[in-house]
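Printed here is model_4.pdb (PDB, C-alpha atoms):
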```
ATOM      1  CA  MET A   9     -27.048  34.398  90.760
ATOM      2  CA  LEU A  10     -29.116  33.564  93.842
ATOM      3  CA  GLU A  11     -29.744  37.228  94.535
ATOM      4  CA  GLN A  12     -31.012  37.699  90.970
ATOM      5  CA  SER A  13     -33.289  34.633  91.340
ATOM      6  CA  LEU A  14     -34.709  36.061  94.541
ATOM      7  CA  LYS A  15     -35.263  39.457  92.936
ATOM      8  CA  ASN A  16     -37.084  37.793  90.043
ATOM      9  CA  CYS A  17     -39.294  35.741  92.335
ATOM     10  CA  LEU A  18     -39.825  37.831  95.441
ATOM     11  CA  PRO A  19     -41.145  41.354  95.306
ATOM     12  CA  ASN A  20     -38.645  43.817  96.793
ATOM     13  CA  THR A  21     -40.787  44.269  99.897
ATOM     14  CA  TYR A  22     -40.576  40.542 100.691
ATOM     15  CA  LEU A  23     -36.882  40.312  99.897
ATOM     16  CA  THR A  24     -36.250  43.306 102.148
ATOM     17  CA  SER A  25     -38.456  41.762 104.857
ATOM     18  CA  LEU A  26     -36.504  38.515 104.694
ATOM     19  CA  LEU A  27     -33.224  40.370 105.057
ATOM     20  CA  VAL A  28     -34.573  42.545 107.903
ATOM     21  CA  LEU A  29     -35.737  39.423 109.709
ATOM     22  CA  GLY A  30     -32.128  38.248 109.599
ATOM     23  CA  LEU A  31     -32.771  35.309 107.321
ATOM     24  CA  ALA A  32     -29.508  34.323 105.746
ATOM     25  CA  VAL A  33     -29.641  34.408 101.977
ATOM     26  CA  ALA A  34     -27.502  31.258 101.988
ATOM     27  CA  ASN A  35     -30.414  29.415 103.595
ATOM     28  CA  LEU A  36     -32.566  30.318 100.611
ATOM     29  CA  ALA A  37     -30.191  28.564  98.222
ATOM     30  CA  SER A  38     -31.243  24.998  98.957
ATOM     31  CA  ALA A  39     -34.372  25.031  96.774
ATOM     32  CA  ALA A  40     -34.104  23.201  93.486
ATOM     33  CA  SER A  41     -35.249  25.907  91.116
ATOM     34  CA  THR A  42     -36.582  29.420  90.750
ATOM     35  CA  CYS A  43     -39.999  30.958  90.821
ATOM     36  CA  ALA A  44     -41.766  29.081  88.023
ATOM     37  CA  GLY A  45     -42.545  25.767  89.679
ATOM     38  CA  PHE A  46     -40.808  26.128  93.041
ATOM     39  CA  ILE A  47     -40.395  28.958  95.504
ATOM     40  CA  PRO A  48     -36.656  29.287  96.295
ATOM     41  CA  ALA A  49     -36.796  29.404 100.072
ATOM     42  CA  VAL A  50     -36.202  27.175 103.044
ATOM     43  CA  ILE A  51     -39.519  27.104 104.875
ATOM     44  CA  THR A  52     -39.107  26.613 108.631
ATOM     45  CA  THR A  53     -41.154  29.418 110.220
ATOM     46  CA  PRO A  54     -44.588  30.995 109.756
ATOM     47  CA  ALA A  55     -42.863  34.107 108.324
ATOM     48  CA  ASN A  56     -41.064  31.983 105.690
ATOM     49  CA  LEU A  57     -44.310  30.323 104.621
ATOM     50  CA  ILE A  58     -46.169  33.648 104.499
ATOM     51  CA  ALA A  59     -43.411  35.085 102.279
ATOM     52  CA  ALA A  60     -43.469  32.015 100.015
ATOM     53  CA  ILE A  61     -47.256  32.142  99.515
ATOM     54  CA  SER A  62     -47.075  35.891  98.924
ATOM     55  CA  ALA A  63     -44.371  35.332  96.301
ATOM     56  CA  ALA A  64     -46.430  32.602  94.633
ATOM     57  CA  ASN A  65     -49.389  35.002  94.489
ATOM     58  CA  SER A  66     -47.340  37.846  93.004
ATOM     59  CA  ALA A  67     -47.299  38.949  89.381
ATOM     60  CA  THR A  68     -43.523  38.405  89.334
ATOM     61  CA  CYS A  69     -44.063  34.710  90.039
ATOM     62  CA  PRO A  70     -46.593  33.611  87.374
ATOM     63  CA  GLY A  71     -47.866  30.088  86.837
ATOM     64  CA  ALA A  72     -48.320  27.148  89.161
ATOM     65  CA  ASP A  73     -45.916  26.963  92.083
ATOM     66  CA  THR A  74     -44.898  24.378  94.652
ATOM     67  CA  ILE A  75     -43.887  25.090  98.218
ATOM     68  CA  ASP A  76     -41.973  22.129  99.624
ATOM     69  CA  LEU A  77     -41.738  22.287 103.404
ATOM     70  CA  ALA A  78     -38.995  19.599 103.294
ATOM     71  CA  GLY A  79     -40.304  17.892 106.424
ATOM     72  CA  SER A  80     -40.529  21.074 108.510
ATOM     73  CA  SER A  81     -43.048  21.348 111.313
ATOM     74  CA  ILE A  82     -44.323  24.930 111.467
ATOM     75  CA  THR A  83     -46.201  26.142 114.540
ATOM     76  CA  PHE A  84     -48.563  29.106 114.356
ATOM     77  CA  THR A  85     -49.765  31.010 117.415
ATOM     78  CA  SER A  86     -52.264  33.324 115.713
ATOM     79  CA  GLY A  87     -53.868  34.307 112.453
ATOM     80  CA  GLY A  88     -52.480  37.413 110.780
ATOM     81  CA  PHE A  89     -54.972  37.600 107.883
ATOM     82  CA  THR A  90     -58.761  37.667 107.658
ATOM     83  CA  TYR A  91     -61.439  36.197 105.442
ATOM     84  CA  GLN A  92     -65.078  37.055 106.176
ATOM     85  CA  ASN A  93     -64.133  38.299 109.634
ATOM     86  CA  GLU A  94     -62.326  35.067 110.528
ATOM     87  CA  LEU A  95     -58.627  34.894 111.264
ATOM     88  CA  VAL A  96     -56.424  32.946 108.857
ATOM     89  CA  ALA A  97     -52.774  32.076 109.540
ATOM     90  CA  LEU A  98     -51.631  32.440 105.928
ATOM     91  CA  PRO A  99     -52.352  34.826 103.036
ATOM     92  CA  ASP A 100     -55.238  33.975 100.724
ATOM     93  CA  VAL A 101     -54.043  31.584  98.000
ATOM     94  CA  ILE A 102     -55.103  33.177  94.691
ATOM     95  CA  THR A 103     -52.875  31.427  92.129
ATOM     96  CA  PRO A 104     -52.316  27.700  91.447
ATOM     97  CA  LEU A 105     -50.277  26.295  94.317
ATOM     98  CA  THR A 106     -49.111  22.991  95.784
ATOM     99  CA  ILE A 107     -47.960  22.800  99.403
ATOM    100  CA  THR A 108     -46.184  19.574 100.259
ATOM    101  CA  ASN A 109     -44.069  17.590 102.750
ATOM    102  CA  GLY A 110     -44.569  19.082 106.204
ATOM    103  CA  THR A 111     -46.717  19.798 109.241
ATOM    104  CA  LEU A 112     -48.764  22.869 110.150
ATOM    105  CA  LEU A 113     -49.610  23.107 113.857
ATOM    106  CA  SER A 114     -51.665  25.560 115.866
ATOM    107  CA  ALA A 115     -50.476  26.545 119.318
ATOM    108  CA  GLY A 116     -53.272  29.121 119.508
ATOM    109  CA  THR A 117     -56.998  29.112 118.925
ATOM    110  CA  ASN A 118     -59.615  30.617 116.678
ATOM    111  CA  PHE A 119     -57.885  30.728 113.311
ATOM    112  CA  LYS A 120     -57.791  28.523 110.230
ATOM    113  CA  PHE A 121     -54.575  27.813 108.347
ATOM    114  CA  LEU A 122     -55.522  28.328 104.703
ATOM    115  CA  HIS A 123     -58.077  30.067 102.554
ATOM    116  CA  ALA A 124     -58.001  29.767  98.756
ATOM    117  CA  SER A 125     -60.086  31.773  96.270
ATOM    118  CA  ASN A 126     -60.734  31.167  92.568
ATOM    119  CA  THR A 127     -57.712  28.946  91.956
ATOM    120  CA  THR A 128     -56.283  25.438  92.212
ATOM    121  CA  LEU A 129     -54.808  24.235  95.508
ATOM    122  CA  ALA A 130     -53.101  20.893  96.137
ATOM    123  CA  LEU A 131     -52.063  19.674  99.571
ATOM    124  CA  SER A 132     -49.745  16.685  99.492
ATOM    125  CA  ASN A 133     -48.035  14.768 102.301
ATOM    126  CA  LEU A 134     -49.100  17.354 104.888
ATOM    127  CA  THR A 135     -50.323  17.064 108.443
ATOM    128  CA  ILE A 136     -52.566  19.928 109.577
ATOM    129  CA  MET A 137     -53.424  19.948 113.282
ATOM    130  CA  ASN A 138     -55.500  21.936 115.772
ATOM    131  CA  GLY A 139     -56.885  24.588 113.412
ATOM    132  CA  GLY A 140     -60.155  26.419 113.983
ATOM    133  CA  GLY A 141     -62.034  26.995 117.192
ATOM    134  CA  ALA A 142     -65.159  28.735 118.440
ATOM    135  CA  ALA A 143     -64.595  31.856 116.317
ATOM    136  CA  VAL A 144     -64.113  29.875 113.076
ATOM    137  CA  ALA A 145     -67.454  29.104 111.415
ATOM    138  CA  THR A 146     -66.183  27.141 108.387
ATOM    139  CA  GLY A 147     -63.101  25.113 107.579
ATOM    140  CA  GLY A 148     -61.046  24.777 110.736
ATOM    141  CA  ALA A 149     -57.973  23.887 108.669
ATOM    142  CA  VAL A 150     -58.825  24.872 105.065
ATOM    143  CA  HIS A 151     -61.580  26.912 103.413
ATOM    144  CA  ALA A 152     -61.635  26.742  99.614
ATOM    145  CA  PHE A 153     -63.939  29.076  97.647
ATOM    146  CA  ASN A 154     -64.411  28.555  93.884
ATOM    147  CA  THR A 155     -61.244  26.474  94.060
ATOM    148  CA  SER A 156     -60.295  23.061  92.753
ATOM    149  CA  LEU A 157     -58.871  21.334  95.818
ATOM    150  CA  THR A 158     -56.749  18.162  95.765
ATOM    151  CA  VAL A 159     -55.660  16.455  98.981
ATOM    152  CA  LEU A 160     -53.186  13.581  98.675
ATOM    153  CA  ASN A 161     -51.668  11.459 101.463
ATOM    154  CA  SER A 162     -52.355  14.099 104.106
ATOM    155  CA  SER A 163     -53.696  14.061 107.672
ATOM    156  CA  PHE A 164     -56.152  16.462 109.263
ATOM    157  CA  ILE A 165     -56.220  16.052 113.043
ATOM    158  CA  ASN A 166     -58.266  17.900 115.700
ATOM    159  CA  ASN A 167     -59.449  20.796 113.526
ATOM    160  CA  SER A 168     -62.831  22.379 114.225
ATOM    161  CA  ALA A 169     -65.428  24.777 112.872
ATOM    162  CA  SER A 170     -68.220  26.089 115.063
ATOM    163  CA  ALA A 171     -71.149  26.916 112.805
ATOM    164  CA  TYR A 172     -71.434  25.610 109.258
ATOM    165  CA  GLY A 173     -69.182  22.594 109.268
ATOM    166  CA  GLY A 174     -65.982  21.521 107.677
ATOM    167  CA  GLY A 175     -63.942  20.969 110.807
ATOM    168  CA  ALA A 176     -61.034  20.034 108.567
ATOM    169  CA  ILE A 177     -62.074  21.344 105.127
ATOM    170  CA  PHE A 178     -64.908  23.545 103.926
ATOM    171  CA  GLN A 179     -65.161  23.317 100.134
ATOM    172  CA  GLU A 180     -67.450  25.965  98.641
ATOM    173  CA  ASN A 181     -68.331  25.949  94.920
ATOM    174  CA  GLY A 182     -65.529  23.809  93.544
ATOM    175  CA  PRO A 183     -64.395  20.232  92.960
ATOM    176  CA  ILE A 184     -62.487  18.305  95.589
ATOM    177  CA  SER A 185     -60.393  15.145  95.327
ATOM    178  CA  ILE A 186     -59.132  13.368  98.441
ATOM    179  CA  THR A 187     -56.851  10.317  98.141
ATOM    180  CA  GLY A 188     -54.995   8.322 100.802
ATOM    181  CA  SER A 189     -55.671  10.851 103.564
ATOM    182  CA  ILE A 190     -56.634  10.611 107.250
ATOM    183  CA  PHE A 191     -59.258  12.680 109.054
ATOM    184  CA  ARG A 192     -59.339  12.251 112.840
ATOM    185  CA  GLY A 193     -61.006  14.295 115.592
ATOM    186  CA  ASN A 194     -62.339  16.990 113.270
TER
END
```

Rewrite the structure from the file as structure tokens, please.
Amino acid sequence: MLEQSLKNCLPNTYLTSLLVLGLAVANLASAASTCAGFIPAVITTPANLIAAISAANSATCPGADTIDLAGSSITFTSGGFTYQNELVALPDVITPLTITNGTLLSAGTNFKFLHASNTTLALSNLTIMNGGGAAVATGGAVHAFNTSLTVLNSSFINNSASAYGGGAIFQENGPISITGSIFRGN
């Protein structure tokens, strides 16, 4: 049953990648539901979160999705994706997505965590720390383009952008709602 749920939600390349990385399929069983609404994966590493966002973006996982980090603190050392010649830690969010309940930390420099394009992105109960740097012109933590962005009960700490602003968040051409959140040292 779990294997079928994974096959329905994760493209074969991601499922194969998870298995090659040695991630136990039993660890993926703790999520509450399947693709529509929640990504069925335990998210404890950058690779897990990359796979979850990729699955949420895929045609096999339609509709709005939620990635619950379940209190995990995930540390990134570099950006593996690009947007306008800037490094980004995670794949571009292109479908409606909520990321909740965890911490994203940078142990490196010169990359932002998230970029979202033409979608809806909600960040809830997250702490995002130390994103950006001299090579990041906009949005040291998050850059949203033509995206409706909601931030709820989250903290943005020590993120920076070098040129056009948005040390924590750079919102370009879209609405933004921020409630109960902390911005410090950005």

Explicit residue set for the PyMOL selection byres ((chain A and resi 57) around 12), as a ChimeraX atom specification: /A:22,26,47-56,58-64,74-77,80-84,97-99,101,107-108,110-112,121-122

Selection under test: the PyMOL selection byres ((chain A and resi 168) around 6); residues as a count of residues only: 7

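Among the candidates A:His123, A:Val159, A:Asn65, A:Ala152, the residue lying nearest to Val96 of chain A is A:His123 (atoms considered: all atoms listed in the file).
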
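Nearest residue to Ser170 of chain A among A:Asn118, A:Ile190, A:Asn154, A:Ile136 is A:Asn118, counting only C-alpha atoms.
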
Around all the atoms of segment 188-193 of chain A listed in the file, with 5 Å of room on each side, what axis-aligned box do you get, giving centre and edge lengths in Å to one decimal, as AutoDock Vina command-line options?
```
--center_x -58.0 --center_y 11.3 --center_z 108.2 --size_x 16.0 --size_y 16.0 --size_z 24.8
```

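Atom pair atom CA of Ile177 of chain A / atom CA of Gly71 of chain A: separated by 24.8 Å.
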
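Selection by the PyMOL selection byres ((chain A and resi 165) around 7) on the present file picks out Ile136, Met137, Asn138, Ser163, Phe164, Asn166, Asn167, Phe191, Arg192, Gly193 and Asn194 of chain A.
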
Selection above as a file: C-alpha atoms, as a PDB file, in the frame of the given file:
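Dumped to selection.pdb:
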```
ATOM      1  CA  ILE A 136     -52.566  19.928 109.577  1.00  0.00           C
ATOM      2  CA  MET A 137     -53.424  19.948 113.282  1.00  0.00           C
ATOM      3  CA  ASN A 138     -55.500  21.936 115.772  1.00  0.00           C
ATOM      4  CA  SER A 163     -53.696  14.061 107.672  1.00  0.00           C
ATOM      5  CA  PHE A 164     -56.152  16.462 109.263  1.00  0.00           C
ATOM      6  CA  ASN A 166     -58.266  17.900 115.700  1.00  0.00           C
ATOM      7  CA  ASN A 167     -59.449  20.796 113.526  1.00  0.00           C
ATOM      8  CA  PHE A 191     -59.258  12.680 109.054  1.00  0.00           C
ATOM      9  CA  ARG A 192     -59.339  12.251 112.840  1.00  0.00           C
ATOM     10  CA  GLY A 193     -61.006  14.295 115.592  1.00  0.00           C
ATOM     11  CA  ASN A 194     -62.339  16.990 113.270  1.00  0.00           C
TER      12      ASN A 194
END
```

Protein/DNA/RNA residues near (-67.0, 18.7, 95.5), cut 12 Å, only C-alpha atoms, as an NGL selection string: :A and (152-158 or 177-186)

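Counting all atoms listed in the file and comparing A:Leu113, A:Ala72, A:Leu160, A:Ala67, the residue that lies closest to Thr128 of chain A is A:Ala72.
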
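If you look at atom CA of Gly173 of chain A and atom CA of Thr146 of chain A, they are 5.5 Å away from each other.
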
Restore all heavy atoms in segment 120-131 of chain A and list the result as a JSON list (two decimals), in the frame of the given file.
```
[["chain", "number", "residue", "atom", "x", "y", "z"],
["A", 120, "LYS", "N", -58.02, 29.62, 111.17],
["A", 120, "LYS", "CA", -57.79, 28.52, 110.23],
["A", 120, "LYS", "C", -56.43, 28.73, 109.60],
["A", 120, "LYS", "O", -55.86, 29.82, 109.68],
["A", 120, "LYS", "CB", -58.91, 28.45, 109.18],
["A", 120, "LYS", "CG", -59.03, 29.68, 108.30],
["A", 120, "LYS", "CD", -60.20, 29.58, 107.34],
["A", 120, "LYS", "CE", -61.45, 29.97, 108.07],
["A", 120, "LYS", "NZ", -62.68, 29.62, 107.41],
["A", 121, "PHE", "N", -55.89, 27.70, 108.97],
["A", 121, "PHE", "CA", -54.58, 27.81, 108.35],
["A", 121, "PHE", "C", -54.63, 28.44, 106.96],
["A", 121, "PHE", "O", -53.85, 29.33, 106.66],
["A", 121, "PHE", "CB", -53.90, 26.44, 108.25],
["A", 121, "PHE", "CG", -53.48, 25.90, 109.57],
["A", 121, "PHE", "CD1", -54.25, 24.94, 110.21],
["A", 121, "PHE", "CD2", -52.33, 26.34, 110.19],
["A", 121, "PHE", "CE1", -53.86, 24.44, 111.44],
["A", 121, "PHE", "CE2", -51.93, 25.85, 111.42],
["A", 121, "PHE", "CZ", -52.71, 24.89, 112.05],
["A", 122, "LEU", "N", -55.53, 27.94, 106.11],
["A", 122, "LEU", "CA", -55.52, 28.33, 104.70],
["A", 122, "LEU", "C", -56.90, 28.72, 104.20],
["A", 122, "LEU", "O", -57.89, 28.10, 104.55],
["A", 122, "LEU", "CB", -55.06, 27.15, 103.83],
["A", 122, "LEU", "CG", -53.60, 26.81, 103.81],
["A", 122, "LEU", "CD1", -53.39, 25.41, 103.23],
["A", 122, "LEU", "CD2", -52.85, 27.83, 102.98],
["A", 123, "HIS", "N", -56.90, 29.74, 103.35],
["A", 123, "HIS", "CA", -58.08, 30.07, 102.55],
["A", 123, "HIS", "C", -57.59, 30.22, 101.12],
["A", 123, "HIS", "O", -56.55, 30.82, 100.87],
["A", 123, "HIS", "CB", -58.74, 31.36, 103.02],
["A", 123, "HIS", "CG", -59.95, 31.65, 102.21],
["A", 123, "HIS", "ND1", -59.91, 32.41, 101.07],
["A", 123, "HIS", "CD2", -61.23, 31.22, 102.34],
["A", 123, "HIS", "CE1", -61.12, 32.46, 100.54],
["A", 123, "HIS", "NE2", -61.94, 31.73, 101.29],
["A", 124, "ALA", "N", -58.34, 29.65, 100.17],
["A", 124, "ALA", "CA", -58.00, 29.77, 98.76],
["A", 124, "ALA", "C", -59.22, 30.28, 98.01],
["A", 124, "ALA", "O", -60.35, 29.88, 98.30],
["A", 124, "ALA", "CB", -57.57, 28.42, 98.20],
["A", 125, "SER", "N", -59.00, 31.18, 97.05],
["A", 125, "SER", "CA", -60.09, 31.77, 96.27],
["A", 125, "SER", "C", -59.80, 31.68, 94.78],
["A", 125, "SER", "O", -58.74, 32.12, 94.32],
["A", 125, "SER", "CB", -60.24, 33.26, 96.61],
["A", 125, "SER", "OG", -60.56, 33.46, 97.95],
["A", 126, "ASN", "N", -60.76, 31.13, 94.03],
["A", 126, "ASN", "CA", -60.73, 31.17, 92.57],
["A", 126, "ASN", "C", -59.44, 30.65, 91.97],
["A", 126, "ASN", "O", -58.85, 31.28, 91.11],
["A", 126, "ASN", "CB", -61.01, 32.59, 92.08],
["A", 126, "ASN", "CG", -62.29, 33.13, 92.64],
["A", 126, "ASN", "OD1", -63.35, 32.51, 92.52],
["A", 126, "ASN", "ND2", -62.22, 34.28, 93.28],
["A", 127, "THR", "N", -58.99, 29.48, 92.42],
["A", 127, "THR", "CA", -57.71, 28.95, 91.96],
["A", 127, "THR", "C", -57.70, 27.43, 92.04],
["A", 127, "THR", "O", -58.74, 26.78, 92.16],
["A", 127, "THR", "CB", -56.54, 29.57, 92.75],
["A", 127, "THR", "OG1", -55.31, 29.23, 92.10],
["A", 127, "THR", "CG2", -56.51, 29.12, 94.19],
["A", 128, "THR", "N", -56.51, 26.87, 92.02],
["A", 128, "THR", "CA", -56.28, 25.44, 92.21],
["A", 128, "THR", "C", -55.31, 25.30, 93.38],
["A", 128, "THR", "O", -54.27, 25.94, 93.40],
["A", 128, "THR", "CB", -55.66, 24.82, 90.94],
["A", 128, "THR", "OG1", -56.55, 25.02, 89.85],
["A", 128, "THR", "CG2", -55.40, 23.34, 91.12],
["A", 129, "LEU", "N", -55.66, 24.46, 94.35],
["A", 129, "LEU", "CA", -54.81, 24.24, 95.51],
["A", 129, "LEU", "C", -54.64, 22.73, 95.71],
["A", 129, "LEU", "O", -55.63, 21.99, 95.73],
["A", 129, "LEU", "CB", -55.43, 24.86, 96.76],
["A", 129, "LEU", "CG", -54.70, 24.62, 98.09],
["A", 129, "LEU", "CD1", -53.29, 25.22, 98.07],
["A", 129, "LEU", "CD2", -55.52, 25.18, 99.25],
["A", 130, "ALA", "N", -53.40, 22.29, 95.84],
["A", 130, "ALA", "CA", -53.10, 20.89, 96.14],
["A", 130, "ALA", "C", -52.31, 20.82, 97.44],
["A", 130, "ALA", "O", -51.36, 21.58, 97.64],
["A", 130, "ALA", "CB", -52.30, 20.26, 95.00],
["A", 131, "LEU", "N", -52.74, 19.93, 98.31],
["A", 131, "LEU", "CA", -52.06, 19.67, 99.57],
["A", 131, "LEU", "C", -51.60, 18.23, 99.54],
["A", 131, "LEU", "O", -52.42, 17.32, 99.41],
["A", 131, "LEU", "CB", -53.01, 19.92, 100.74],
["A", 131, "LEU", "CG", -53.69, 21.30, 100.77],
["A", 131, "LEU", "CD1", -54.72, 21.36, 101.89],
["A", 131, "LEU", "CD2", -52.66, 22.40, 100.90]]
```
